[in-house]
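Some notes on the structure that comes next.
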Amino acid sequence: MTTVRPGEAPPAGRGDSERPVRPNRLAAWRRSDRISVFGPPVALVLLIVGFSILNPQFRTMGNFRSILDTAAVLAVVAVGLTFVLMLGAIDLSVEGIMAASALSFALLIANNRNDIDLGFFAVVLAVGVGAVFGGANGLLSTRLRIPSFMTTLGVSAIGIGVATVLFGGVQPTIRSAGVTAWATGDIVGLTPLTFVAVGVILLGVGLERYTRFGRYARVVGGAEDLALLSGIPVRRYKTLVFAFAGAIYGLAGVMVTIKLGSGIVAVGSGLNFAAITAAVIGGTLLSGGRGGVLHSIVGVLIVSVLANGLVLIGVDSNFQTAVQGFVVVAAVAITNWPLRRRLRVVK
């Protein structure tokens with residue numbers, strides 16, 4: 001039996017030396033928080049100032065409107081992808097889901113291939129197609145315990161295959177003037193599709209901050225084991241997140257189809273990498289539990305401003321992809337470096 005004299009501290013137990021949060025780790029979290037919160041907005045401002053100096057045309061109101069219109073589809077995709085990333089998962093099915101939804105929409109609205117014209121209901125069905133593919137991602141990942149990057153890559157291939165069959169060798173062209181007006185209309189200098197993107201962003205922020213859906217996505221990504229012990233139905237919420245993301249990708253496919261005026265299989269080409277780039281640059285961690293919709297939207301603006309500015313200062317378009325790749329690697333390194341010990345395994 002150990003006695004303790006008055007004024008002396010009790011002997012340390014076996015677990016006392018292992019504190020739940022060590023000071024150096026707490027400091028690392030705080031540094032990472034500051035970087036993820038303040039770093040991307042500062043980088044965005046610096047890019048705007050830099051390109052404005054290099055080319056005065058960049059800072060014109062018309063160019064800023066062009067950047068916002070161009071960023072609309074990427075912003076929509078980034079909203080859906082952000083919820084998947086918050087889970088600590090990865091989604092590589094963006095292009096396949098967009099393709100299947102886009103061709104479905106093009107064949108269900110007034111077109112040159114058939115006599116079907118479902119109007120707004122065609123949008124609903126196309127979004128539903130995306131949700132089905134997204135739900136398949138979630139079910140395969142949670143029920144079969146297959147890594148998300150493998151399931152989503154497979155589902156993407158299926159989506160592209162379905163879109164190719166629907167395409168049938170003849171490009172469906174939209175014949176509804178009311179639909180194409182969404183891409184050519186003018187509301188305070190912006191197209192209606194840009195305001196659709198704003199609505200999706202607000203929906204994403206609302207779900208993330210004020211619903212169980214968003215809160216549980218963050219909890220599962222941050223500590224899945226603790227979420228299970230707390231009684232959270234992890235598999236159900238993972239599946240719901242993937243289904244929601246798929247629906248958002250489906251809407252993005254509809255938006256691009258309206259812009260083009262026709263349905264094509266390559267409707268989402270390049271958007272998967274661009275959305276992941278934007279989310280990571282904005283401060284959403286690939287390991288889950290950190291970041292959010294607004295973080296990713298700041299990243300979307302950075303990517304869009306960077307692409308626009310590089311064109312205006314005369315950088316070759318083929319070189320832009322390399323620049324974006326360098327930026328995403330740098331962003332991941334800067335954001336994750338303070339947390340490198342915790343991030344030994346990426347799901």
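Scheme for the structure tokens: letters A, B, ... for chains in order shown; per-chain residue numbers from 1; ligand numbers from 1 in order shown.
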
Mind dumping a table of every region 192-274 of chain A residue within 7 Å of region 285-308 of chain A, with the nearest atom pair and its distance in Å to one decimal, using only C-alpha atoms, sorted by chain and rising number, as a tab-separated table?
```
residue	atom	partner	partner_atom	distance
A:Gly204	CA	A:Val293	CA	6.4
A:Val205	CA	A:Val293	CA	6.0
A:Arg218	CA	A:Gly289	CA	4.6
A:Val219	CA	A:Gly289	CA	6.2
A:Gly221	CA	A:Gly288	CA	4.3
A:Gly222	CA	A:Gly289	CA	3.9
```

With C-alpha atoms kept, could you save the residues just selected as a PDB file, in the first residue's frame?
```pdb
ATOM      1  CA  GLY A 204     -24.924  22.447 -48.579  1.00  0.00           C
ATOM      2  CA  VAL A 205     -24.059  24.952 -45.848  1.00  0.00           C
ATOM      3  CA  ARG A 218     -18.043  15.261 -39.914  1.00  0.00           C
ATOM      4  CA  VAL A 219     -18.110  13.043 -36.805  1.00  0.00           C
ATOM      5  CA  GLY A 221     -14.854  11.287 -40.774  1.00  0.00           C
ATOM      6  CA  GLY A 222     -13.117  12.523 -37.646  1.00  0.00           C
TER       7      GLY A 222
END
```

Checklist entry - Within 8 Å of region 169-179 of chain A, counting only C-alpha atoms, which residues qualify if same-chain residues fewer than 6 places away don't, as an MDAnalysis selection string? => result chainID A and resid 103 106:107 109:113 258 261:264

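Nearest to Lys238 (chain A) of all the residues A:Asn114, A:Ser148, A:Ser66, A:Ser104 is A:Ser148, counting only C-alpha atoms.
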
Within 12 Å of region 122-128 of chain A, which residues of region 134-220 of chain A show up? Give each one with its shortest atom-to-atom distance in Å (one decimal) and the two atoms involved, counting only C-alpha atoms, rows by chain then rising residue number, as JSON lines.
```
{"residue": "A:Gly134", "atom": "CA", "partner": "A:Gly128", "partner_atom": "CA", "distance": 9.6}
{"residue": "A:Gly135", "atom": "CA", "partner": "A:Gly128", "partner_atom": "CA", "distance": 10.3}
{"residue": "A:Ala163", "atom": "CA", "partner": "A:Ala126", "partner_atom": "CA", "distance": 11.9}
{"residue": "A:Val179", "atom": "CA", "partner": "A:Val123", "partner_atom": "CA", "distance": 10.4}
```

Checklist entry - In Å, with one decimal, what is the gap from CA of Lys259 (chain A) to CA of Trp182 (chain A)? => result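 For CA of Lys259 (chain A) relative to CA of Trp182 (chain A), the distance reads 7.9 Å.
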
Could you go through region 16-205 of chain A and tell me which residues DSSP, when run on the backbone, assigns to helix (DSSP H, G or I), listing them as a PDB file with C-alpha atoms, in the first residue's frame?
```pdb
ATOM      1  CA  PRO A  23       0.380  20.084 -25.755  1.00  0.00           C
ATOM      2  CA  ASN A  24       2.416  19.712 -28.944  1.00  0.00           C
ATOM      3  CA  ARG A  25      -0.466  17.936 -30.697  1.00  0.00           C
ATOM      4  CA  LEU A  26      -2.916  20.583 -29.518  1.00  0.00           C
ATOM      5  CA  ALA A  27      -0.606  23.240 -30.930  1.00  0.00           C
ATOM      6  CA  ALA A  28      -0.462  21.322 -34.216  1.00  0.00           C
ATOM      7  CA  TRP A  29      -4.255  21.264 -34.421  1.00  0.00           C
ATOM      8  CA  ARG A  30      -4.391  24.993 -33.758  1.00  0.00           C
ATOM      9  CA  ARG A  31      -1.795  25.734 -36.433  1.00  0.00           C
ATOM     10  CA  SER A  32      -3.667  23.554 -38.891  1.00  0.00           C
ATOM     11  CA  ASP A  33      -6.926  25.326 -38.031  1.00  0.00           C
ATOM     12  CA  ARG A  34      -5.366  28.725 -38.650  1.00  0.00           C
ATOM     13  CA  ILE A  35      -3.887  27.564 -41.945  1.00  0.00           C
ATOM     14  CA  SER A  36      -7.162  26.017 -43.186  1.00  0.00           C
ATOM     15  CA  VAL A  37      -9.294  28.986 -42.100  1.00  0.00           C
ATOM     16  CA  PHE A  38      -7.126  31.948 -43.078  1.00  0.00           C
ATOM     17  CA  GLY A  39      -4.731  30.496 -45.664  1.00  0.00           C
ATOM     18  CA  PRO A  40      -7.119  29.962 -48.619  1.00  0.00           C
ATOM     19  CA  PRO A  41      -8.862  33.391 -48.412  1.00  0.00           C
ATOM     20  CA  VAL A  42      -5.477  35.110 -48.180  1.00  0.00           C
ATOM     21  CA  ALA A  43      -4.235  33.103 -51.177  1.00  0.00           C
ATOM     22  CA  LEU A  44      -7.367  34.083 -53.138  1.00  0.00           C
ATOM     23  CA  VAL A  45      -6.834  37.781 -52.420  1.00  0.00           C
ATOM     24  CA  LEU A  46      -3.153  37.551 -53.385  1.00  0.00           C
ATOM     25  CA  LEU A  47      -4.041  35.847 -56.674  1.00  0.00           C
ATOM     26  CA  ILE A  48      -6.607  38.532 -57.521  1.00  0.00           C
ATOM     27  CA  VAL A  49      -4.150  41.327 -56.710  1.00  0.00           C
ATOM     28  CA  GLY A  50      -1.316  39.641 -58.598  1.00  0.00           C
ATOM     29  CA  PHE A  51      -3.276  38.976 -61.792  1.00  0.00           C
ATOM     30  CA  SER A  52      -4.793  42.482 -61.644  1.00  0.00           C
ATOM     31  CA  ILE A  53      -1.282  43.925 -61.686  1.00  0.00           C
ATOM     32  CA  LEU A  54      -0.054  41.624 -64.461  1.00  0.00           C
ATOM     33  CA  PRO A  56      -5.517  45.154 -66.010  1.00  0.00           C
ATOM     34  CA  GLN A  57      -8.208  43.318 -68.002  1.00  0.00           C
ATOM     35  CA  PHE A  58      -8.418  40.785 -65.181  1.00  0.00           C
ATOM     36  CA  ARG A  59      -9.955  43.282 -62.754  1.00  0.00           C
ATOM     37  CA  MET A  61     -16.364  43.581 -63.861  1.00  0.00           C
ATOM     38  CA  GLY A  62     -17.041  41.586 -66.994  1.00  0.00           C
ATOM     39  CA  ASN A  63     -14.138  39.264 -66.255  1.00  0.00           C
ATOM     40  CA  PHE A  64     -15.247  38.734 -62.650  1.00  0.00           C
ATOM     41  CA  ARG A  65     -18.719  37.812 -63.913  1.00  0.00           C
ATOM     42  CA  SER A  66     -17.156  35.402 -66.376  1.00  0.00           C
ATOM     43  CA  ILE A  67     -15.193  33.755 -63.545  1.00  0.00           C
ATOM     44  CA  LEU A  68     -18.363  33.288 -61.478  1.00  0.00           C
ATOM     45  CA  ASP A  69     -20.324  31.851 -64.409  1.00  0.00           C
ATOM     46  CA  THR A  70     -17.481  29.487 -65.255  1.00  0.00           C
ATOM     47  CA  ALA A  71     -17.121  28.375 -61.629  1.00  0.00           C
ATOM     48  CA  ALA A  72     -20.831  27.546 -61.207  1.00  0.00           C
ATOM     49  CA  VAL A  73     -20.710  23.875 -62.255  1.00  0.00           C
ATOM     50  CA  LEU A  74     -17.458  23.198 -60.408  1.00  0.00           C
ATOM     51  CA  ALA A  75     -18.949  24.755 -57.276  1.00  0.00           C
ATOM     52  CA  VAL A  76     -21.967  22.442 -57.473  1.00  0.00           C
ATOM     53  CA  VAL A  77     -19.755  19.364 -57.861  1.00  0.00           C
ATOM     54  CA  ALA A  78     -17.551  20.547 -54.988  1.00  0.00           C
ATOM     55  CA  VAL A  79     -20.554  20.779 -52.644  1.00  0.00           C
ATOM     56  CA  GLY A  80     -21.422  17.114 -53.144  1.00  0.00           C
ATOM     57  CA  LEU A  81     -17.819  15.973 -53.039  1.00  0.00           C
ATOM     58  CA  THR A  82     -17.138  17.879 -49.816  1.00  0.00           C
ATOM     59  CA  PHE A  83     -19.561  15.732 -47.830  1.00  0.00           C
ATOM     60  CA  VAL A  84     -17.846  12.575 -49.093  1.00  0.00           C
ATOM     61  CA  LEU A  85     -14.428  13.961 -48.183  1.00  0.00           C
ATOM     62  CA  MET A  86     -15.676  14.888 -44.709  1.00  0.00           C
ATOM     63  CA  VAL A  94     -18.205  12.312 -60.714  1.00  0.00           C
ATOM     64  CA  GLU A  95     -17.649  11.977 -64.451  1.00  0.00           C
ATOM     65  CA  GLY A  96     -19.626   8.736 -64.810  1.00  0.00           C
ATOM     66  CA  ILE A  97     -22.615   9.965 -62.797  1.00  0.00           C
ATOM     67  CA  MET A  98     -22.668  13.292 -64.641  1.00  0.00           C
ATOM     68  CA  ALA A  99     -22.595  11.457 -67.981  1.00  0.00           C
ATOM     69  CA  ALA A 100     -25.509   9.137 -67.150  1.00  0.00           C
ATOM     70  CA  SER A 101     -27.595  11.985 -65.712  1.00  0.00           C
ATOM     71  CA  ALA A 102     -26.802  14.324 -68.598  1.00  0.00           C
ATOM     72  CA  LEU A 103     -27.861  11.842 -71.289  1.00  0.00           C
ATOM     73  CA  SER A 104     -30.975  10.925 -69.298  1.00  0.00           C
ATOM     74  CA  PHE A 105     -31.944  14.595 -69.112  1.00  0.00           C
ATOM     75  CA  ALA A 106     -31.186  15.262 -72.781  1.00  0.00           C
ATOM     76  CA  LEU A 107     -33.476  12.392 -73.831  1.00  0.00           C
ATOM     77  CA  LEU A 108     -36.302  13.314 -71.446  1.00  0.00           C
ATOM     78  CA  PHE A 120     -38.915  20.254 -65.220  1.00  0.00           C
ATOM     79  CA  PHE A 121     -39.652  16.628 -64.298  1.00  0.00           C
ATOM     80  CA  ALA A 122     -36.761  15.662 -66.599  1.00  0.00           C
ATOM     81  CA  VAL A 123     -34.425  17.516 -64.222  1.00  0.00           C
ATOM     82  CA  VAL A 124     -35.901  15.651 -61.250  1.00  0.00           C
ATOM     83  CA  LEU A 125     -35.425  12.284 -62.947  1.00  0.00           C
ATOM     84  CA  ALA A 126     -31.858  13.107 -63.985  1.00  0.00           C
ATOM     85  CA  VAL A 127     -31.008  14.104 -60.413  1.00  0.00           C
ATOM     86  CA  GLY A 128     -32.661  10.867 -59.286  1.00  0.00           C
ATOM     87  CA  VAL A 129     -30.408   8.893 -61.635  1.00  0.00           C
ATOM     88  CA  GLY A 130     -27.432  10.537 -59.961  1.00  0.00           C
ATOM     89  CA  ALA A 131     -28.777   9.665 -56.521  1.00  0.00           C
ATOM     90  CA  VAL A 132     -29.166   6.005 -57.523  1.00  0.00           C
ATOM     91  CA  PHE A 133     -25.573   5.804 -58.718  1.00  0.00           C
ATOM     92  CA  GLY A 134     -24.400   7.605 -55.587  1.00  0.00           C
ATOM     93  CA  GLY A 135     -26.415   5.263 -53.391  1.00  0.00           C
ATOM     94  CA  ALA A 136     -24.754   2.337 -55.154  1.00  0.00           C
ATOM     95  CA  ASN A 137     -21.392   3.848 -54.220  1.00  0.00           C
ATOM     96  CA  GLY A 138     -22.426   3.970 -50.580  1.00  0.00           C
ATOM     97  CA  LEU A 139     -23.924   0.484 -50.436  1.00  0.00           C
ATOM     98  CA  LEU A 140     -20.943  -1.152 -52.113  1.00  0.00           C
ATOM     99  CA  SER A 141     -18.532   0.692 -49.861  1.00  0.00           C
ATOM    100  CA  THR A 142     -20.347   0.024 -46.575  1.00  0.00           C
ATOM    101  CA  ARG A 143     -21.908  -3.411 -47.112  1.00  0.00           C
ATOM    102  CA  SER A 148     -14.419   3.939 -51.643  1.00  0.00           C
ATOM    103  CA  PHE A 149     -11.914   4.815 -54.356  1.00  0.00           C
ATOM    104  CA  MET A 150     -12.412   1.353 -55.891  1.00  0.00           C
ATOM    105  CA  THR A 151     -16.212   1.320 -55.715  1.00  0.00           C
ATOM    106  CA  THR A 152     -16.581   4.849 -57.050  1.00  0.00           C
ATOM    107  CA  LEU A 153     -14.161   4.183 -59.894  1.00  0.00           C
ATOM    108  CA  GLY A 154     -16.194   1.125 -60.872  1.00  0.00           C
ATOM    109  CA  VAL A 155     -19.502   2.979 -60.626  1.00  0.00           C
ATOM    110  CA  SER A 156     -18.043   5.760 -62.765  1.00  0.00           C
ATOM    111  CA  ALA A 157     -17.211   3.235 -65.475  1.00  0.00           C
ATOM    112  CA  ILE A 158     -20.769   1.879 -65.295  1.00  0.00           C
ATOM    113  CA  GLY A 159     -22.170   5.399 -65.581  1.00  0.00           C
ATOM    114  CA  ILE A 160     -20.077   6.155 -68.650  1.00  0.00           C
ATOM    115  CA  GLY A 161     -21.177   2.843 -70.158  1.00  0.00           C
ATOM    116  CA  VAL A 162     -24.848   3.670 -69.571  1.00  0.00           C
ATOM    117  CA  ALA A 163     -24.348   7.137 -71.051  1.00  0.00           C
ATOM    118  CA  THR A 164     -22.665   5.660 -74.125  1.00  0.00           C
ATOM    119  CA  VAL A 165     -25.614   3.329 -74.691  1.00  0.00           C
ATOM    120  CA  LEU A 166     -28.074   6.210 -74.282  1.00  0.00           C
ATOM    121  CA  PHE A 167     -26.034   8.348 -76.673  1.00  0.00           C
ATOM    122  CA  ALA A 177     -35.849  27.440 -75.776  1.00  0.00           C
ATOM    123  CA  GLY A 178     -37.014  27.820 -72.188  1.00  0.00           C
ATOM    124  CA  VAL A 179     -34.376  25.361 -71.002  1.00  0.00           C
ATOM    125  CA  THR A 180     -31.456  26.792 -72.976  1.00  0.00           C
ATOM    126  CA  ALA A 181     -32.371  30.274 -71.709  1.00  0.00           C
ATOM    127  CA  TRP A 182     -31.045  29.215 -68.301  1.00  0.00           C
ATOM    128  CA  ALA A 183     -27.561  29.272 -69.812  1.00  0.00           C
ATOM    129  CA  THR A 184     -27.944  32.462 -71.844  1.00  0.00           C
ATOM    130  CA  PRO A 192     -29.508  31.819 -64.081  1.00  0.00           C
ATOM    131  CA  LEU A 193     -27.351  28.696 -63.722  1.00  0.00           C
ATOM    132  CA  THR A 194     -24.967  30.685 -61.525  1.00  0.00           C
ATOM    133  CA  PHE A 195     -27.830  31.368 -59.133  1.00  0.00           C
ATOM    134  CA  VAL A 196     -28.678  27.659 -59.179  1.00  0.00           C
ATOM    135  CA  ALA A 197     -25.117  27.078 -57.983  1.00  0.00           C
ATOM    136  CA  VAL A 198     -25.605  29.656 -55.216  1.00  0.00           C
ATOM    137  CA  GLY A 199     -28.745  27.807 -54.135  1.00  0.00           C
ATOM    138  CA  VAL A 200     -26.857  24.500 -54.003  1.00  0.00           C
ATOM    139  CA  ILE A 201     -24.104  26.125 -51.928  1.00  0.00           C
ATOM    140  CA  LEU A 202     -26.654  27.486 -49.447  1.00  0.00           C
ATOM    141  CA  LEU A 203     -28.291  24.048 -49.274  1.00  0.00           C
ATOM    142  CA  GLY A 204     -24.924  22.447 -48.579  1.00  0.00           C
ATOM    143  CA  VAL A 205     -24.059  24.952 -45.848  1.00  0.00           C
TER     144      VAL A 205
END
```

Item to check | Point-to-point distance from CA of Gly189 (chain A) to CA of Met255 (chain A), Å rounded to tenths | outcome: 18.1 Å
